[in-house]
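Take a look at the structure below.
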Amino acid sequence: MKSLNRVQISLKALAHNFNLCRQQAGGADVLAMVKADAYGHGMVECARVFADQGAKALGVAEVREGIALRRSGCTLPVYVFAGVIPQTLSAFFQHRLTPVAVDLAIAEALSREAVKRGREIELHLKMDAGMGRQGTLPASFAHFYTRVHKLPGVRIAGIMAHFPMSEDRSTNSSVELLKLFTQTLERLDPPLPPDCCRHLANSGGILYVPGAGLDMVRPGIALYGCYPDGIPGRAAAGDRELQPVMRFVSQVIQVREVPRGTGIGYGHTFVTQRPTTIAVLPVGYEDGYLRALSTKAAVLIRGQRVPVIGRISMNLTLVDITGMDTVMPGDEAVLLGGQGEGEITADEVAGWMNTISYEVLCLFGNLNRREFVA
Ligand SMILES: *Cc1c(COP(=O)(O)O)cnc(C)c1O
């Protein structure tokens with residue numbers, strides 16, 4: 001039997017957001033980031049939508065995700081941004097995955113593997129132009145590039161970096177990073193061939209940093225309908241907006257009346273101040289509806305916003321529906337997304353959880369049954 005909760009993924013909204021990112025990218029190719037099971041939205045299904053809409057490539061963190069895409073029949077280039085380590089190198093050849101090399105040692109290991117197989121492999125080099133996480137620093141990058149250029153069996157098809165704070169529309173740091181990246185690339189020896197793909201922009205870069213599109217962009221969160229800083233609207237006003245993609249839906253399984261002064265749930269953190277009507281929802285922290293949401297969150301029932309009361313438990317959540325006489329078991333309860341005129345956004349849930357939309361989408365999406373809707 002299926003769970004009483006599910007996430008619904010709008011394929012139309014995914015396509016809309018992809019096209020909005022492409023428009024905003026100023027002619028650059030689009031690599032769609034589908035790591036973490038497409039931020040909880042289902043990697044294989046989302047990859048199909050993005051491929052149909054004209055994505056040039058897909059991006060994942062680990063090799064196993066790339067292999068899953070290949071097994072689903074995906075033929076687009078698949079870039080692996082994190083797990084390129086000696087133990088995974090053979091998979092790049094077997095499954096035609098594109099490695100991102102962070103330093104000379106891994107590029108050399110790829111070269112040895114390629115020579116051993118009598119093959120050539122295209123790789124991308126990662127510059128750490130300010131993220132402080134992975135990659136080679138700008139000061140050593142020219143040396144890295146020159147050395148990799150001479151290695152047999154590998155061809156430098158692209159060079160990338162990553163923005164640490166492109167979601168901050170007020171900082172100048174992204175513009176500085178863009179300048180550092182492009183200037184470092186201008187001084188390489190031998191010079192970058194014209195077909196070498198320079199890519200830098202995540203969603204924040206695409207939406208808020210003019211000129212960051214370069215040859216290719218790598219949107220993630222924007223494809224899934226959220227603004228990187230949680231605030232709707234873009235620097236370029238008057239354009240179409242991103243559309244939310246995910247709904248997280250439960251249902252009322254019981255409606256009950258309790259008198260004034262009733263302690264609600266574990267720890268009695270909420271005590272009713274009046275005769276209260278409660279709707280019981282079969283969802284809890286097991287489903288990613290975290291305990292941190294207790295007494296903070298609201299849900300939509302019959303288009304109306306109602307508060308969560310008391311502690312969320314492993315499998316049950318209680319909401320106060322006093323005065324809503326028509327609510328019945330079986331009614332839809334929306335924890336994320338729209339219902340009627342109402343809407344609960346991922347950023348709102350993130351605020352209640354003291355985190356960002358990315359985490360909310362991964363959590364709800366990856367713990368619940370998915371349903372794809374046109
Ligand atoms: C996740 C990721 C992105 C996408 O970032 P968003 O902020 O979700 O747009 C882009 N590039 C790399 C290398 C990433 O790991």
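By order of appearance in the structure tokens: chains A, B, ..., then residues from 1 within every chain, and ligands from 1 in the order shown.
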*Arg147 (chain A): which residues within 12 Å, counting only C-alpha atoms, same-chain residues fewer than 3 positions away excluded, as a list in words?*
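Close residues of Arg147 (chain A): Asp103, Leu104, Ala105, Ala107, Glu108, Ser111, Leu125, Ser140, Phe141, Ala142, His143, Phe144, Lys150, Leu151, Pro152, Val154, Arg155, Ile156, Leu188, Asp189 and Pro190 of chain A.
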*Please identify every polymer residue within 6 Å of ligand 1, using only C-alpha atoms and all ligand atoms, and present the set as a count of residues only.*
9
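With only C-alpha atoms as the atoms that count, the residue of A:Thr276, A:Gln339, A:Thr345, A:Gln24 with the shortest distance to Gly323 (chain A) is A:Thr276.
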*asked:* Going by DSSP on the backbone, which residues of region 151-214 of chain A come out as helix (DSSP H, G or I)? List them as a list in words.
replied: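 The helix (DSSP H, G or I) residues within region 151-214 of chain A come out as Ser173, Ser174, Val175, Glu176, Leu177, Leu178, Lys179, Leu180, Phe181, Thr182, Gln183, Thr184, Leu185, Glu186, Ser203, Gly204, Gly205, Ile206, Leu207 and Tyr208 of chain A.
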Those residues with C-alpha atoms, as a PDB file, in the first residue's frame please?
```pdb
ATOM      1  CA  SER A 173      32.574  39.849  -4.699  1.00  0.00           C
ATOM      2  CA  SER A 174      30.990  37.946  -7.583  1.00  0.00           C
ATOM      3  CA  VAL A 175      32.003  40.609 -10.098  1.00  0.00           C
ATOM      4  CA  GLU A 176      35.553  40.469  -8.723  1.00  0.00           C
ATOM      5  CA  LEU A 177      35.601  36.677  -8.937  1.00  0.00           C
ATOM      6  CA  LEU A 178      34.351  36.773 -12.534  1.00  0.00           C
ATOM      7  CA  LYS A 179      37.152  39.208 -13.389  1.00  0.00           C
ATOM      8  CA  LEU A 180      39.799  37.076 -11.654  1.00  0.00           C
ATOM      9  CA  PHE A 181      38.548  33.972 -13.478  1.00  0.00           C
ATOM     10  CA  THR A 182      38.532  35.507 -16.963  1.00  0.00           C
ATOM     11  CA  GLN A 183      41.840  37.342 -16.477  1.00  0.00           C
ATOM     12  CA  THR A 184      43.555  34.171 -15.294  1.00  0.00           C
ATOM     13  CA  LEU A 185      42.274  32.403 -18.398  1.00  0.00           C
ATOM     14  CA  GLU A 186      43.588  35.133 -20.700  1.00  0.00           C
ATOM     15  CA  SER A 203      21.669  30.159 -10.310  1.00  0.00           C
ATOM     16  CA  GLY A 204      22.832  33.253  -8.432  1.00  0.00           C
ATOM     17  CA  GLY A 205      25.411  33.969 -11.122  1.00  0.00           C
ATOM     18  CA  ILE A 206      22.801  33.610 -13.866  1.00  0.00           C
ATOM     19  CA  LEU A 207      20.203  35.778 -12.154  1.00  0.00           C
ATOM     20  CA  TYR A 208      22.264  38.449 -10.434  1.00  0.00           C
TER      21      TYR A 208
END
```
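Comparing A:Ile85, A:Ala28, A:Met353, A:Cys362 by their smallest distance to Tyr224 (chain A), the closest is A:Cys362 (using only C-alpha atoms).
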*Which residue, A:Ala68, A:Ile356, A:Ala157, A:Val258, has the smallest gap to Ala101 (chain A) when you use only C-alpha atoms?*
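Closest to Ala101 (chain A) of all the choices is A:Ala157.
Taking CA of Arg169 (chain A) and CA of Ala297 (chain A) as endpoints, the distance between them is 28.0 Å.
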*Work out how far CA of Phe92 (chain A) is from CA of Val63 (chain A), in Å to one decimal.*
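Computed distance, CA of Val63 (chain A) to CA of Phe92 (chain A), equals 7.8 Å.
Between CA of Arg71 (chain A) and CA of Phe372 (chain A) the interatomic distance comes to 20.1 Å.
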*Skipping near chain neighbours, those fewer than 5 positions away, what residues fall within 10 Å of Gly153 (chain A) using only C-alpha atoms, listed as a ChimeraX atom specification?*
/A:108,110-122
*May I have the residues within 8 Å of Gly303 (chain A) as JSON, numbers by chain, using only C-alpha atoms and disregarding those fewer than 3 positions away in the same chain?*
{"A": [300, 339, 340, 341, 342]}
_Between A:Gln87, A:Gln8, A:Gln94, A:Asn366, which residue has the minimum interatomic distance to Ile67 (chain A), considering only C-alpha atoms?_
A:Gln94
*Using only C-alpha atoms, which residues sit within 12 Å of Val271 (chain A) once same-chain residues fewer than 6 positions away are excluded, as number ranges by chain?*
A: 258-265, 295, 309-311, 320
Writing out the chosen residues with all heavy atoms as a compact mmCIF listing (two decimals), in the first residue's frame:
```txt
# COMPACT_ATOMS: atom_id res chain seq x y z
N VAL A 258 -11.50 18.90 21.06
CA VAL A 258 -11.01 18.74 22.43
C VAL A 258 -11.38 20.00 23.22
O VAL A 258 -11.51 21.08 22.65
CB VAL A 258 -9.47 18.52 22.48
CG1 VAL A 258 -9.07 17.22 21.79
CG2 VAL A 258 -8.73 19.70 21.88
N PRO A 259 -11.57 19.86 24.56
CA PRO A 259 -11.96 21.04 25.35
C PRO A 259 -10.81 22.00 25.59
O PRO A 259 -9.65 21.66 25.33
CB PRO A 259 -12.44 20.43 26.67
CG PRO A 259 -11.86 19.07 26.73
CD PRO A 259 -11.57 18.63 25.33
N ARG A 260 -11.16 23.18 26.06
CA ARG A 260 -10.18 24.17 26.50
C ARG A 260 -9.27 23.53 27.55
O ARG A 260 -9.72 22.71 28.35
CB ARG A 260 -10.94 25.34 27.12
CG ARG A 260 -10.10 26.44 27.66
CD ARG A 260 -11.00 27.63 28.07
NE ARG A 260 -10.16 28.72 28.53
CZ ARG A 260 -9.73 28.85 29.79
NH1 ARG A 260 -10.09 27.98 30.71
NH2 ARG A 260 -8.95 29.86 30.10
N GLY A 261 -7.98 23.86 27.54
CA GLY A 261 -7.07 23.36 28.56
C GLY A 261 -6.48 21.99 28.26
O GLY A 261 -5.87 21.37 29.11
N THR A 262 -6.62 21.50 27.01
CA THR A 262 -6.07 20.19 26.65
C THR A 262 -4.60 20.33 26.23
O THR A 262 -4.27 21.15 25.37
CB THR A 262 -6.86 19.57 25.47
OG1 THR A 262 -8.23 19.51 25.81
CG2 THR A 262 -6.34 18.18 25.11
N GLY A 263 -3.72 19.54 26.85
CA GLY A 263 -2.32 19.51 26.44
C GLY A 263 -2.19 18.71 25.15
O GLY A 263 -2.77 17.64 25.02
N ILE A 264 -1.45 19.25 24.19
CA ILE A 264 -1.40 18.65 22.85
C ILE A 264 -0.03 18.04 22.59
O ILE A 264 0.99 18.74 22.62
CB ILE A 264 -1.67 19.74 21.78
CG1 ILE A 264 -3.06 20.36 21.96
CG2 ILE A 264 -1.51 19.19 20.37
CD1 ILE A 264 -4.21 19.43 21.72
N GLY A 265 -0.01 16.74 22.38
CA GLY A 265 1.21 16.05 21.93
C GLY A 265 2.28 15.90 22.99
O GLY A 265 2.10 16.28 24.15
N THR A 295 4.94 23.90 16.12
CA THR A 295 4.36 25.19 16.52
C THR A 295 4.80 26.36 15.64
O THR A 295 4.41 27.50 15.89
CB THR A 295 4.66 25.57 18.00
OG1 THR A 295 6.07 25.83 18.12
CG2 THR A 295 4.26 24.49 18.97
N ILE A 309 0.04 22.67 15.66
CA ILE A 309 0.09 22.86 17.11
C ILE A 309 0.76 21.67 17.78
O ILE A 309 0.66 20.54 17.32
CB ILE A 309 -1.32 23.11 17.72
CG1 ILE A 309 -2.28 21.98 17.34
CG2 ILE A 309 -1.88 24.45 17.26
CD1 ILE A 309 -3.62 22.07 18.04
N GLY A 310 1.47 21.96 18.86
CA GLY A 310 2.17 20.92 19.61
C GLY A 310 3.35 20.38 18.83
O GLY A 310 3.70 20.87 17.75
N ARG A 311 3.99 19.34 19.39
CA ARG A 311 5.18 18.78 18.75
C ARG A 311 4.81 17.89 17.58
O ARG A 311 3.89 17.07 17.69
CB ARG A 311 5.98 17.96 19.76
CG ARG A 311 6.73 18.83 20.72
CD ARG A 311 8.09 18.23 21.09
NE ARG A 311 8.80 19.19 21.93
CZ ARG A 311 9.08 18.97 23.22
NH1 ARG A 311 8.77 17.81 23.78
NH2 ARG A 311 9.69 19.90 23.92
N ASP A 320 -4.63 23.04 13.95
CA ASP A 320 -5.82 23.64 14.56
C ASP A 320 -6.75 24.12 13.45
O ASP A 320 -6.42 25.06 12.72
CB ASP A 320 -5.37 24.82 15.44
CG ASP A 320 -6.53 25.45 16.19
OD1 ASP A 320 -7.70 25.17 15.86
OD2 ASP A 320 -6.26 26.24 17.12
```
*Filtered DSSP result for region 149-243 of chain A, state strand (DSSP E or B), as a VMD selection string*: chain A and resid 154 to 160 197 to 199 216 to 217
*So which residues touch Asp168 (chain A) within 9 Å, counting only C-alpha atoms, skipping near sequence neighbours fewer than 2 positions away, as a PyMOL selection string?*
chain A and resi 165-166+170-172+174+204+208+228-229
*For Tyr145 (chain A), the nearest of the candidates A:Val308, A:Leu192, A:Met131, A:Leu76, counting only C-alpha atoms*: A:Leu192
